[in-house]
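Novice: Quick one, entry_0.txt (compact mmCIF, C-alpha atoms):
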# COMPACT_ATOMS: atom_id res chain seq x y z
CA MET B 1 -55.45 19.33 19.83
CA SER B 2 -53.16 16.31 20.30
CA TRP B 3 -53.71 13.23 18.18
CA ILE B 4 -54.52 11.22 21.33
CA SER B 5 -57.24 13.58 22.53
CA GLY B 6 -58.63 13.97 19.00
CA GLY B 7 -58.69 10.26 18.34
CA GLY B 8 -60.12 9.55 21.75
CA LEU B 9 -62.86 12.12 21.24
CA ALA B 10 -63.81 10.67 17.84
CA VAL B 11 -63.92 7.06 19.06
CA VAL B 12 -65.72 7.88 22.31
CA LEU B 13 -68.26 10.00 20.45
CA PHE B 14 -68.90 7.23 17.91
CA VAL B 15 -69.34 4.55 20.59
CA ALA B 16 -71.55 6.82 22.70
CA LEU B 17 -73.83 7.62 19.78
CA LEU B 18 -73.96 3.95 18.82
CA LEU B 19 -74.85 2.81 22.33
CA GLY B 20 -77.42 5.59 22.47
CA GLY B 21 -79.30 3.91 19.65
CA MET B 22 -78.11 5.91 16.63
CA TRP B 23 -77.62 3.91 13.43
CA ILE B 24 -74.02 3.06 12.53
CA PRO B 25 -73.62 5.34 9.49
CA PHE B 26 -75.05 8.38 11.27
CA ALA B 27 -72.96 7.77 14.41
CA LEU B 28 -69.81 7.25 12.36
CA GLY B 29 -70.45 10.20 10.05
CA ALA B 30 -71.32 12.55 12.93
CA ALA B 31 -68.11 11.63 14.78
CA GLY B 32 -66.06 12.24 11.63
CA LEU B 33 -67.73 15.56 10.83
CA ILE B 34 -67.24 16.85 14.38
CA LEU B 35 -63.57 15.87 14.32
CA LEU B 36 -63.15 17.61 10.94
CA ALA B 37 -64.75 20.78 12.28
CA ILE B 38 -62.58 20.72 15.40
CA THR B 39 -59.39 20.11 13.41
CA ASP B 40 -59.85 22.50 10.45
CA GLY B 41 -62.92 24.53 11.31
CA TRP B 42 -65.82 24.75 8.90
CA ARG B 43 -63.38 24.80 5.96
CA GLY B 44 -62.64 21.15 6.68
CA LEU B 45 -66.12 20.26 5.48
CA ASN B 46 -65.20 21.36 1.95
CA ALA B 47 -63.66 17.93 1.42
CA LEU B 48 -67.01 16.18 1.76
CA GLY B 49 -67.82 16.33 -1.95
CA LEU B 50 -64.58 14.61 -2.92
CA ILE B 51 -64.95 12.04 -0.13
CA THR B 52 -68.52 11.24 -1.16
CA TRP B 53 -67.59 10.66 -4.77
CA GLY B 54 -64.41 8.74 -4.02
CA SER B 55 -66.02 6.41 -1.47
CA VAL B 56 -68.86 5.04 -3.57
CA ASN B 57 -67.43 5.44 -7.09
CA SER B 58 -65.94 1.95 -6.88
CA PHE B 59 -66.47 -0.98 -9.25
CA THR B 60 -65.53 -3.29 -6.38
CA LEU B 61 -68.58 -2.29 -4.36
CA THR B 62 -70.95 -3.35 -7.14
CA ALA B 63 -70.29 -6.93 -6.02
CA ILE B 64 -72.36 -6.30 -2.88
CA PRO B 65 -75.82 -5.95 -4.50
CA MET B 66 -75.05 -8.84 -6.87
CA PHE B 67 -74.27 -11.33 -4.11
CA LEU B 68 -77.14 -10.04 -1.98
CA LEU B 69 -79.54 -10.57 -4.87
CA MET B 70 -78.22 -14.08 -5.43
CA ALA B 71 -78.84 -15.00 -1.79
CA GLU B 72 -82.28 -13.40 -1.70
CA LEU B 73 -83.43 -15.26 -4.81
CA LEU B 74 -82.40 -18.60 -3.34
CA LEU B 75 -83.97 -17.83 0.03
CA ARG B 76 -87.31 -16.66 -1.34
CA SER B 77 -87.61 -19.49 -3.85
CA GLY B 78 -87.48 -22.12 -1.12
CA VAL B 79 -84.41 -23.80 -2.61
CA SER B 80 -82.75 -23.76 0.82
CA HIS B 81 -85.38 -26.29 2.00
CA ARG B 82 -84.36 -28.71 -0.75
CA VAL B 83 -80.66 -28.28 0.01
CA TYR B 84 -81.27 -28.98 3.69
CA ALA B 85 -83.27 -32.09 2.81
CA GLY B 86 -80.48 -33.33 0.55
CA LEU B 87 -77.79 -32.76 3.15
CA SER B 88 -79.92 -34.46 5.79
CA THR B 89 -79.91 -37.64 3.73
CA LEU B 90 -76.14 -37.55 3.24
CA VAL B 91 -75.15 -36.97 6.88
CA ARG B 92 -78.00 -38.63 8.80
CA ARG B 93 -75.78 -41.58 9.75
CA LEU B 94 -72.96 -39.42 11.10
CA PRO B 95 -72.74 -38.87 14.88
CA GLY B 96 -74.96 -35.87 15.53
CA GLY B 97 -77.46 -36.53 12.74
CA LEU B 98 -79.33 -33.37 11.79
CA LEU B 99 -76.95 -31.27 13.91
CA GLN B 100 -74.29 -32.12 11.34
CA THR B 101 -76.72 -30.95 8.69
CA ASN B 102 -76.88 -27.59 10.46
CA VAL B 103 -73.11 -27.14 10.38
CA ILE B 104 -72.58 -28.39 6.83
CA GLY B 105 -75.75 -26.69 5.60
CA CYS B 106 -74.54 -23.36 6.98
CA ALA B 107 -71.19 -23.87 5.25
CA VAL B 108 -72.89 -24.63 1.94
CA PHE B 109 -75.32 -21.75 2.21
CA ALA B 110 -72.49 -19.44 3.30
CA ALA B 111 -70.86 -20.12 -0.04
CA ILE B 112 -73.65 -18.28 -1.83
CA SER B 113 -75.15 -15.91 0.73
CA GLY B 114 -72.15 -13.81 1.80
CA SER B 115 -74.07 -12.86 4.94
CA SER B 116 -73.93 -14.29 8.43
CA VAL B 117 -77.48 -13.23 9.23
CA ALA B 118 -78.87 -14.66 5.98
CA THR B 119 -77.10 -17.96 6.63
CA ALA B 120 -78.32 -18.30 10.22
CA ALA B 121 -81.87 -17.26 9.32
CA GLY B 122 -82.08 -19.30 6.12
CA ILE B 123 -80.91 -22.58 7.65
CA GLY B 124 -82.41 -21.91 11.09
CA THR B 125 -85.90 -21.36 9.76
CA VAL B 126 -85.78 -24.73 8.02
CA ALA B 127 -83.91 -26.69 10.69
CA LEU B 128 -85.18 -25.63 14.11
CA PRO B 129 -88.75 -26.96 13.82
CA GLN B 130 -87.42 -30.35 12.69
CA LEU B 131 -84.77 -30.50 15.40
CA LEU B 132 -87.13 -29.64 18.23
CA SER B 133 -89.87 -31.98 17.03
CA ARG B 134 -87.38 -34.89 16.93
CA GLY B 135 -86.06 -34.33 20.45
CA TYR B 136 -82.61 -32.89 19.70
CA ASP B 137 -80.88 -30.98 22.49
CA ARG B 138 -82.21 -27.43 22.45
CA ARG B 139 -79.00 -25.64 23.40
CA LEU B 140 -76.81 -27.56 21.00
CA SER B 141 -79.36 -27.12 18.21
CA ALA B 142 -79.39 -23.35 18.71
CA GLY B 143 -75.61 -23.22 19.09
CA THR B 144 -74.90 -25.05 15.83
CA LEU B 145 -77.10 -22.59 13.95
CA ALA B 146 -75.86 -19.39 15.61
CA ALA B 147 -72.20 -20.42 15.25
CA GLY B 148 -72.71 -22.03 11.85
CA GLY B 149 -74.18 -18.78 10.61
CA THR B 150 -70.86 -17.03 11.27
CA LEU B 151 -69.38 -19.03 8.40
CA GLY B 152 -71.40 -16.74 6.13
CA ILE B 153 -68.81 -13.97 6.35
CA LEU B 154 -65.75 -16.23 6.07
CA ILE B 155 -66.56 -18.67 3.27
CA PRO B 156 -66.72 -16.67 0.02
CA PRO B 157 -68.42 -14.66 -1.21
CA SER B 158 -68.27 -12.43 1.85
CA ILE B 159 -69.72 -8.95 2.24
CA ALA B 160 -67.29 -8.29 5.10
CA MET B 161 -64.32 -9.13 2.87
CA ILE B 162 -65.60 -6.81 0.16
CA LEU B 163 -65.68 -3.98 2.70
CA TYR B 164 -62.23 -4.90 4.05
CA GLY B 165 -60.81 -4.98 0.54
CA THR B 166 -62.39 -1.60 -0.21
CA PHE B 167 -60.91 0.03 2.89
CA THR B 168 -57.44 -1.45 2.35
CA GLU B 169 -57.38 -1.47 -1.48
CA THR B 170 -56.75 -5.22 -1.46
CA SER B 171 -57.78 -7.73 -4.15
CA ILE B 172 -61.29 -8.93 -3.35
CA ALA B 173 -60.74 -12.10 -5.38
CA ARG B 174 -57.69 -13.07 -3.33
CA LEU B 175 -59.49 -12.28 -0.09
CA PHE B 176 -62.38 -14.49 -1.15
CA ILE B 177 -60.13 -17.42 -1.95
CA ALA B 178 -58.07 -16.86 1.22
CA GLY B 179 -61.21 -17.42 3.29
CA LEU B 180 -62.16 -20.70 1.61
CA LEU B 181 -59.70 -23.14 3.23
CA PRO B 182 -60.00 -21.59 6.74
CA GLY B 183 -63.78 -21.72 6.37
CA LEU B 184 -63.70 -25.41 5.50
CA VAL B 185 -61.30 -26.20 8.36
CA LEU B 186 -63.48 -24.29 10.83
CA THR B 187 -66.54 -26.14 9.53
CA GLY B 188 -64.69 -29.41 10.13
CA MET B 189 -63.82 -28.39 13.69
CA PHE B 190 -67.48 -27.55 14.39
CA SER B 191 -68.52 -30.91 12.93
CA ILE B 192 -65.97 -32.84 15.00
CA TYR B 193 -67.19 -31.15 18.19
CA VAL B 194 -70.81 -32.05 17.38
CA ALA B 195 -69.80 -35.66 16.68
CA GLY B 196 -67.90 -35.82 19.96
CA ARG B 197 -70.87 -34.50 21.93
CA ALA B 198 -73.20 -37.00 20.25
CA LEU B 199 -70.87 -39.94 20.95
CA MET B 200 -70.43 -38.99 24.60
CA ASN B 201 -74.12 -38.29 25.13
CA PRO B 202 -76.35 -39.88 22.46
CA ALA B 203 -79.41 -38.18 23.99
CA VAL B 204 -78.41 -34.83 22.46
CA ALA B 205 -78.91 -36.23 18.93
CA PRO B 206 -81.43 -39.09 18.65
CA LYS B 207 -80.80 -41.65 15.93
CA GLU B 208 -82.59 -40.91 12.67
CA GLU B 209 -85.19 -43.56 11.93
CA GLY B 210 -87.10 -44.36 8.77
CA PRO B 211 -86.04 -44.65 5.13
CA ALA B 212 -83.77 -42.05 3.55
CA ASP B 213 -84.65 -40.21 0.37
CA PRO B 214 -83.64 -42.00 -2.85
CA PHE B 215 -80.17 -41.21 -4.16
CA LEU B 216 -81.49 -39.46 -7.27
CA THR B 217 -83.77 -37.27 -5.17
CA THR B 218 -80.84 -36.29 -2.96
CA MET B 219 -78.68 -35.43 -5.95
CA ALA B 220 -81.51 -33.42 -7.53
CA ASN B 221 -81.79 -31.41 -4.32
CA LEU B 222 -78.05 -30.69 -4.10
CA ALA B 223 -76.93 -30.46 -7.73
CA PRO B 224 -78.12 -26.89 -8.43
CA PHE B 225 -76.29 -25.52 -5.39
CA ALA B 226 -73.16 -27.48 -6.25
CA VAL B 227 -73.10 -26.12 -9.80
CA LEU B 228 -73.72 -22.56 -8.60
CA ILE B 229 -70.88 -22.71 -6.07
CA ALA B 230 -68.51 -24.30 -8.60
CA VAL B 231 -69.21 -21.63 -11.23
CA VAL B 232 -68.96 -18.65 -8.87
CA LEU B 233 -65.90 -19.71 -6.86
CA GLY B 234 -64.22 -21.57 -9.71
CA GLY B 235 -64.53 -18.57 -11.99
CA ILE B 236 -62.94 -16.30 -9.38
CA TYR B 237 -60.16 -18.75 -8.50
CA LEU B 238 -59.18 -19.41 -12.11
CA GLY B 239 -59.26 -15.71 -12.95
CA PHE B 240 -62.03 -15.99 -15.54
CA VAL B 241 -64.26 -13.46 -13.79
CA THR B 242 -63.94 -10.67 -11.24
CA PRO B 243 -65.95 -10.93 -8.01
CA THR B 244 -68.52 -8.49 -9.42
CA GLU B 245 -68.88 -10.50 -12.62
CA ALA B 246 -69.14 -13.69 -10.56
CA GLY B 247 -71.93 -12.08 -8.55
CA ALA B 248 -73.80 -11.18 -11.73
CA VAL B 249 -73.42 -14.69 -13.14
CA GLY B 250 -74.45 -16.16 -9.80
CA SER B 251 -77.55 -13.96 -9.64
CA LEU B 252 -78.62 -15.10 -13.11
CA MET B 253 -78.06 -18.73 -12.17
CA ALA B 254 -79.95 -18.24 -8.89
CA LEU B 255 -82.87 -16.81 -10.86
CA ILE B 256 -82.94 -19.89 -13.09
CA ILE B 257 -82.50 -22.29 -10.15
CA GLY B 258 -85.20 -20.53 -8.15
CA ARG B 259 -87.63 -20.73 -11.06
CA VAL B 260 -86.88 -24.31 -12.18
CA TRP B 261 -86.08 -26.04 -8.87
CA GLY B 262 -87.93 -23.71 -6.51
CA ARG B 263 -91.16 -21.77 -6.39
CA LEU B 264 -89.87 -18.35 -7.42
CA GLY B 265 -92.67 -16.18 -8.73
CA TRP B 266 -92.92 -12.55 -9.79
CA ALA B 267 -93.75 -11.37 -6.27
CA ASP B 268 -90.79 -13.30 -4.86
CA PHE B 269 -88.49 -11.84 -7.51
CA MET B 270 -89.57 -8.27 -6.78
CA GLY B 271 -89.24 -8.92 -3.06
CA ALA B 272 -85.68 -10.18 -3.58
CA VAL B 273 -84.77 -7.13 -5.67
CA SER B 274 -86.33 -4.77 -3.12
CA ALA B 275 -84.53 -6.40 -0.19
CA SER B 276 -81.20 -6.35 -2.05
CA VAL B 277 -81.59 -2.65 -2.83
CA ARG B 278 -82.42 -1.79 0.78
CA VAL B 279 -79.51 -3.73 2.25
CA SER B 280 -77.08 -2.47 -0.42
CA ALA B 281 -78.11 1.13 0.22
CA ALA B 282 -77.59 0.66 3.96
CA LEU B 283 -74.14 -0.88 3.45
CA LEU B 284 -73.05 1.82 0.99
CA LEU B 285 -74.17 4.50 3.43
CA ILE B 286 -71.94 2.83 6.03
CA VAL B 287 -69.05 2.85 3.54
CA LEU B 288 -69.56 6.58 2.92
CA ALA B 289 -69.65 7.31 6.66
CA ALA B 290 -66.55 5.14 7.19
CA TYR B 291 -64.62 7.12 4.58
CA ILE B 292 -65.62 10.38 6.26
CA PHE B 293 -64.46 9.01 9.62
CA ALA B 294 -61.21 7.64 8.17
CA TYR B 295 -60.48 10.91 6.36
CA ALA B 296 -61.07 12.86 9.57
CA LEU B 297 -58.65 10.63 11.45
CA GLU B 298 -56.00 10.91 8.74
CA ASN B 299 -56.52 14.65 8.35
CA ALA B 300 -55.91 15.10 12.07
CA GLY B 301 -52.79 12.93 11.82
CA ILE B 302 -54.33 10.39 14.16
CA ALA B 303 -53.89 7.27 12.03
CA SER B 304 -50.19 7.86 11.33
CA GLU B 305 -49.45 8.95 14.89
CA LEU B 306 -51.26 5.94 16.27
CA ALA B 307 -49.13 3.73 14.05
CA LYS B 308 -45.96 5.40 15.34
CA TRP B 309 -47.18 5.07 18.94
CA MET B 310 -47.92 1.36 18.58
CA ILE B 311 -44.56 0.75 16.95
CA GLY B 312 -42.94 2.68 19.80
CA LEU B 313 -44.43 0.22 22.29
CA GLU B 314 -42.07 -2.36 20.77
CA LEU B 315 -44.63 -5.14 21.04
CA SER B 316 -43.67 -8.45 19.55
CA ARG B 317 -45.74 -9.78 16.68
CA THR B 318 -47.44 -12.21 19.05
CA GLU B 319 -48.18 -9.51 21.62
CA PHE B 320 -49.62 -7.28 18.91
CA LEU B 321 -51.93 -10.05 17.70
CA ILE B 322 -53.05 -10.79 21.27
CA ALA B 323 -53.84 -7.09 21.73
CA ILE B 324 -55.89 -7.15 18.52
CA PHE B 325 -57.79 -10.20 19.73
CA ILE B 326 -58.62 -8.52 23.06
CA LEU B 327 -59.73 -5.37 21.23
CA TYR B 328 -62.20 -7.27 19.04
CA ALA B 329 -63.40 -9.42 21.94
CA VAL B 330 -64.31 -6.30 23.90
CA LEU B 331 -65.84 -4.47 20.92
CA GLY B 332 -67.88 -7.55 20.03
CA CYS B 333 -69.79 -7.19 23.29
CA PHE B 334 -71.12 -3.77 22.31
CA ILE B 335 -70.75 -3.10 18.57
CA ASP B 336 -71.97 -5.13 15.60
CA SER B 337 -69.69 -6.60 12.94
CA ILE B 338 -69.81 -3.79 10.39
CA GLY B 339 -69.30 -1.21 13.14
CA MET B 340 -66.19 -3.05 14.34
CA MET B 341 -64.73 -3.21 10.86
CA VAL B 342 -65.24 0.41 9.88
CA LEU B 343 -63.96 1.59 13.26
CA THR B 344 -60.81 -0.52 13.47
CA VAL B 345 -59.51 -1.37 10.00
CA PRO B 346 -58.56 2.22 9.00
CA LEU B 347 -56.65 2.54 12.29
CA LEU B 348 -54.91 -0.83 12.25
CA PHE B 349 -54.03 -1.07 8.57
CA PRO B 350 -51.10 1.44 8.70
CA VAL B 351 -49.49 -0.58 11.52
CA LEU B 352 -49.34 -3.91 9.66
CA PRO B 353 -46.08 -3.30 7.70
CA ALA B 354 -44.17 -2.70 10.95
CA TYR B 355 -45.03 -6.23 12.09
CA ASP B 356 -44.56 -7.79 8.64
CA ILE B 357 -48.19 -8.90 8.62
CA ASP B 358 -49.64 -9.94 5.27
CA VAL B 359 -52.73 -7.87 4.47
CA ILE B 360 -54.57 -10.88 2.99
CA TRP B 361 -53.89 -13.03 6.06
CA PHE B 362 -54.89 -10.19 8.37
CA GLY B 363 -58.14 -9.79 6.45
CA VAL B 364 -59.04 -13.41 7.18
CA VAL B 365 -58.14 -12.98 10.86
CA VAL B 366 -60.22 -9.81 11.14
CA VAL B 367 -63.23 -11.54 9.59
CA ILE B 368 -62.93 -14.44 12.06
CA LEU B 369 -62.66 -12.02 14.98
CA ILE B 370 -65.72 -10.21 13.67
CA GLU B 371 -67.45 -13.60 13.47
CA LEU B 372 -66.78 -13.99 17.18
CA GLY B 373 -68.61 -10.72 17.69
CA GLN B 374 -71.65 -12.23 15.95
CA ILE B 375 -72.08 -14.70 18.85
CA THR B 376 -70.70 -12.54 21.68
CA PRO B 377 -73.32 -11.50 24.26
CA PRO B 378 -75.03 -9.15 24.73
CA LEU B 379 -75.14 -7.79 21.15
CA GLY B 380 -74.14 -10.79 19.02
CA ILE B 381 -76.62 -10.49 16.17
CA ASN B 382 -76.74 -14.21 15.36
CA LEU B 383 -77.91 -14.90 18.90
CA PHE B 384 -80.90 -12.66 18.30
CA VAL B 385 -81.57 -14.13 14.86
CA ILE B 386 -81.92 -17.64 16.32
CA GLN B 387 -83.86 -16.30 19.29
CA GLY B 388 -86.29 -14.67 16.87
CA ILE B 389 -87.17 -17.91 15.07
CA TRP B 390 -87.77 -20.25 18.00
CA THR B 391 -89.64 -20.36 21.30
CA GLY B 392 -86.65 -20.84 23.62
CA LYS B 393 -84.81 -18.34 25.77
CA LEU B 394 -81.87 -16.20 24.66
CA GLY B 395 -79.81 -17.71 27.47
CA GLU B 396 -80.15 -21.15 25.87
CA VAL B 397 -78.84 -19.80 22.57
CA VAL B 398 -75.90 -18.14 24.36
CA ARG B 399 -74.95 -21.26 26.32
CA GLY B 400 -75.26 -23.42 23.21
CA SER B 401 -72.93 -21.07 21.31
CA LEU B 402 -70.15 -20.87 23.93
CA PRO B 403 -68.34 -24.10 22.93
CA PHE B 404 -68.23 -22.91 19.32
CA TYR B 405 -66.88 -19.56 20.53
CA ALA B 406 -64.02 -21.44 22.19
CA ILE B 407 -63.39 -23.43 19.00
CA MET B 408 -63.13 -20.19 16.99
CA VAL B 409 -60.64 -18.75 19.51
CA LEU B 410 -58.57 -21.93 19.14
CA PHE B 411 -58.76 -21.62 15.36
CA VAL B 412 -57.40 -18.05 15.46
CA GLY B 413 -54.37 -19.47 17.27
CA LEU B 414 -53.97 -22.16 14.60
CA LEU B 415 -54.16 -19.54 11.89
CA ALA B 416 -51.41 -17.57 13.61
CA LEU B 417 -49.22 -20.68 13.83
CA PHE B 418 -50.01 -21.85 10.29
CA PRO B 419 -50.62 -18.75 8.11
CA GLY B 420 -50.50 -20.99 5.04
CA LEU B 421 -54.11 -21.95 5.79
CA ALA B 422 -55.09 -18.53 4.49
CA LEU B 423 -52.28 -17.86 2.02
CA LEU B 424 -51.94 -21.18 0.16
CA LEU B 425 -54.82 -20.80 -2.30
CA PRO B 426 -54.32 -17.06 -3.07
CA SER B 427 -50.69 -17.77 -3.97
CA ARG B 428 -51.81 -20.28 -6.60
CA MET B 429 -54.84 -18.60 -8.12
CA GLY B 430 -55.07 -16.90 -11.50
CA ALA B 431 -55.03 -13.17 -12.00
CA GLY B 432 -57.83 -11.35 -10.23
Written as structure tokens, that's how I'd like the structure from this file.
Specialist:
Amino acid sequence: MSWISGGGLAVVLFVALLLGGMWIPFALGAAGLILLAITDGWRGLNALGLITWGSVNSFTLTAIPMFLLMAELLLRSGVSHRVYAGLSTLVRRLPGGLLQTNVIGCAVFAAISGSSVATAAGIGTVALPQLLSRGYDRRLSAGTLAAGGTLGILIPPSIAMILYGTFTETSIARLFIAGLLPGLVLTGMFSIYVAGRALMNPAVAPKEEGPADPFLTTMANLAPFAVLIAVVLGGIYLGFVTPTEAGAVGSLMALIIGRVWGRLGWADFMGAVSASVRVSAALLLIVLAAYIFAYALENAGIASELAKWMIGLELSRTEFLIAIFILYAVLGCFIDSIGMMVLTVPLLFPVLPAYDIDVIWFGVVVVILIELGQITPPLGINLFVIQGIWTGKLGEVVRGSLPFYAIMVLFVGLLALFPGLALLLPSRMGAG
């Protein structure tokens, strides 16, 4: 069996099973097992024990349940409502009013959630009723939340970056810090667009009337989040803690914040732990299936041969990056973010040295391209998250998200022209 036919069979089988409704880990694992059996016969399955142990016996992966628990505790304690209220007071006079709160609120919540879905749902649940009751434009309201939610997997901590670092054996701490400046710049671009829309058409964002909350109330609402973000990200950046240790510290702080500043009770705590365990188990099952798939591709010589084939095409660096963008744009229409990552990263990673592409920079680019998939119809998950928490149509969410999609495409180009956006902070951070 040639590497082209073997690789094609594995990828086609995976996509077919996925589109047929099979869960990602089972579709990925089944495709890998079938390729192993075809390549080496039943003896090829003897490697499963070693793969299973090697894939999940990783200290790096323990960061996932820690950051998930931190986000769940803050969500279930109602602290996100107080943060949104505090941000609303600070930005109410900016063009766009509460729409700016959506963008900035998503950026702030992204810095502790690590999840695009959690960010969109957490801020959307709080914001949408207020926006609609005050007469804000429905499409733009939905678009700011769906697109703002994508910041959850770019601004650290990021579950997607943990998975990327695991697959490529790259420093998670440096990946986290590499995503910080691009995340802030992208947030600024979203905010500028919202301000421009509001200035050109004030009807999309009615002026906020009535007295603002007192300054001390605003600070009391925002201070716990600010301290949590400073401790988690500052500890990683300065090299005081590993990402896993930062997640543990953040979870403890979230527990205290949720109890003191929120309404976290025993039932909420157990619910947060239960949800974290379920999501962690699902993600680790995907990691296991991804390692089986990647091993099958490598065992069949597909990954190395694909790298040689792509190098043989003699694409320029720019042409290669354009091809990658098209690949993710197409996959984003049919496959969710985790599926895209586990399918593509093991194949693309061996090719990077030939184009002198920094693995940290590429990790940031991949995460942004995956973010695009989160708001790409018909399967962009953030579109469905927002649709699920309001009474409008999915088409309104899609149309509201399209301008932000274009902004993210523009930002990928800026990142290609100015790679220092992603590499400046990692080059200056402490050991990690």
Novice: Report, as AutoDock Vina command-line options, the centre and edge lengths in Å (one decimal) of the axis-aligned box enclosing every listed atom of segment 119-124 of chain B, padded by 8 Å on each side.
Specialist:
--center_x -79.8 --center_y -19.9 --center_z 8.6 --size_x 21.3 --size_y 21.3 --size_z 21.0
Novice: Using all atoms listed in the file, which residue out of B:Gly373, B:Gly41, B:Gly312, B:Pro403 lies closest to Tyr193 of chain B?
Specialist: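 Once distances to Tyr193 of chain B are computed over all atoms listed in the file, the minimum belongs to B:Pro403.
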Novice: Need the shell around segment 160-177 of chain B: protein/DNA/RNA residues with any atom at most 8 Å away, counting all atoms listed in the file. Skip same-chain ones fewer than 3 positions apart. Format as a VMD selection string?
Specialist: chain B and resid 60 to 61 63 to 64 153 to 157 180 to 181 233 236 to 237 242 to 243 287 338 341 345 to 346 349 359 to 360 363 to 364 367 425 to 426 429 432
Novice: Would you list the contacts of Ala406 of chain B as a list in words, taking every protein, DNA or RNA residue within 12 Å and counting only C-alpha atoms, but skipping same-chain residues closer than 3 positions in sequence?
Specialist: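 Everything that qualifies: Ala147, Leu186, Met189, Phe190, Tyr193, Leu369, Leu372, Ile375, Thr376, Arg399, Gly400, Ser401, Leu402, Pro403, Val409, Leu410, Phe411, Val412 and Gly413 of chain B.
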Novice: Can you work out the spacing between atom CA of Pro214 of chain B and atom CA of Leu132 of chain B in Å, to one decimal?
Specialist: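 One can read the atom CA of Pro214 of chain B to atom CA of Leu132 of chain B distance as 24.7 Å.
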Novice: Interatomic distance between atom CA of Gly265 of chain B and atom CA of Gly234 of chain B?
Specialist: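 Taking atom CA of Gly265 of chain B and atom CA of Gly234 of chain B, their separation equals 29.0 Å.
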Novice: Got a sec: who's within 12 Å of Tyr355 of chain B, counting all atoms listed in the file, leaving out chain neighbours fewer than 5 positions off, as a VMD selection string?
Specialist: chain B and resid 307 310 to 312 314 to 321 348 to 350 362
Novice: What does the file look like for those residues with C-alpha atoms, as a CSV table (one decimal), in the coordinates of the input?
Specialist:
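result16.csv written:
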chain,number,residue,atom,x,y,z
B,307,ALA,CA,-49.1,3.7,14.0
B,310,MET,CA,-47.9,1.4,18.6
B,311,ILE,CA,-44.6,0.8,17.0
B,312,GLY,CA,-42.9,2.7,19.8
B,314,GLU,CA,-42.1,-2.4,20.8
B,315,LEU,CA,-44.6,-5.1,21.0
B,316,SER,CA,-43.7,-8.4,19.6
B,317,ARG,CA,-45.7,-9.8,16.7
B,318,THR,CA,-47.4,-12.2,19.0
B,319,GLU,CA,-48.2,-9.5,21.6
B,320,PHE,CA,-49.6,-7.3,18.9
B,321,LEU,CA,-51.9,-10.0,17.7
B,348,LEU,CA,-54.9,-0.8,12.2
B,349,PHE,CA,-54.0,-1.1,8.6
B,350,PRO,CA,-51.1,1.4,8.7
B,362,PHE,CA,-54.9,-10.2,8.4
Novice: Between B:Val231, B:Leu145, B:Ile104, B:Leu99, which is the closest to Lys207 of chain B once you count only C-alpha atoms?
Specialist: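 Checking each candidate against Lys207 of chain B, we get B:Leu99 as the closest.
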Novice: From the list B:Met270, B:Leu87, B:Ala198, B:Ile407, which residue is nearest Val185 of chain B when using only C-alpha atoms?
Specialist: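 So, comparing all the options, the nearest one is B:Ile407.
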Novice: With all atoms listed in the file as the basis for distance, which of B:Cys106, B:Ile381, B:Ala226, B:Leu75 is at the shortest distance from Leu255 of chain B?
Specialist: B:Leu75
Novice: As a CSV table (one decimal), keeping the file's coordinate frame, could you write out segment 263-273 of chain B once it has been completed with N, CA and C atoms?
Specialist:
chain,number,residue,atom,x,y,z
B,263,ARG,N,-89.8,-22.3,-6.1
B,263,ARG,CA,-91.2,-21.8,-6.4
B,263,ARG,C,-91.1,-20.3,-6.6
B,264,LEU,N,-90.0,-19.8,-7.2
B,264,LEU,CA,-89.9,-18.4,-7.4
B,264,LEU,C,-90.9,-17.8,-8.4
B,265,GLY,N,-91.7,-16.9,-7.9
B,265,GLY,CA,-92.7,-16.2,-8.7
B,265,GLY,C,-92.3,-14.7,-8.9
B,266,TRP,N,-93.2,-14.0,-9.6
B,266,TRP,CA,-92.9,-12.6,-9.8
B,266,TRP,C,-92.8,-11.8,-8.5
B,267,ALA,N,-93.8,-12.1,-7.6
B,267,ALA,CA,-93.8,-11.4,-6.3
B,267,ALA,C,-92.5,-11.7,-5.5
B,268,ASP,N,-92.0,-12.9,-5.5
B,268,ASP,CA,-90.8,-13.3,-4.9
B,268,ASP,C,-89.6,-12.6,-5.5
B,269,PHE,N,-89.6,-12.5,-6.8
B,269,PHE,CA,-88.5,-11.8,-7.5
B,269,PHE,C,-88.4,-10.4,-7.1
B,270,MET,N,-89.6,-9.7,-7.1
B,270,MET,CA,-89.6,-8.3,-6.8
B,270,MET,C,-89.2,-8.1,-5.3
B,271,GLY,N,-89.6,-9.0,-4.5
B,271,GLY,CA,-89.2,-8.9,-3.1
B,271,GLY,C,-87.7,-9.1,-2.9
B,272,ALA,N,-87.1,-10.0,-3.7
B,272,ALA,CA,-85.7,-10.2,-3.6
B,272,ALA,C,-84.9,-8.9,-4.1
B,273,VAL,N,-85.4,-8.3,-5.2
B,273,VAL,CA,-84.8,-7.1,-5.7
B,273,VAL,C,-84.9,-6.0,-4.7
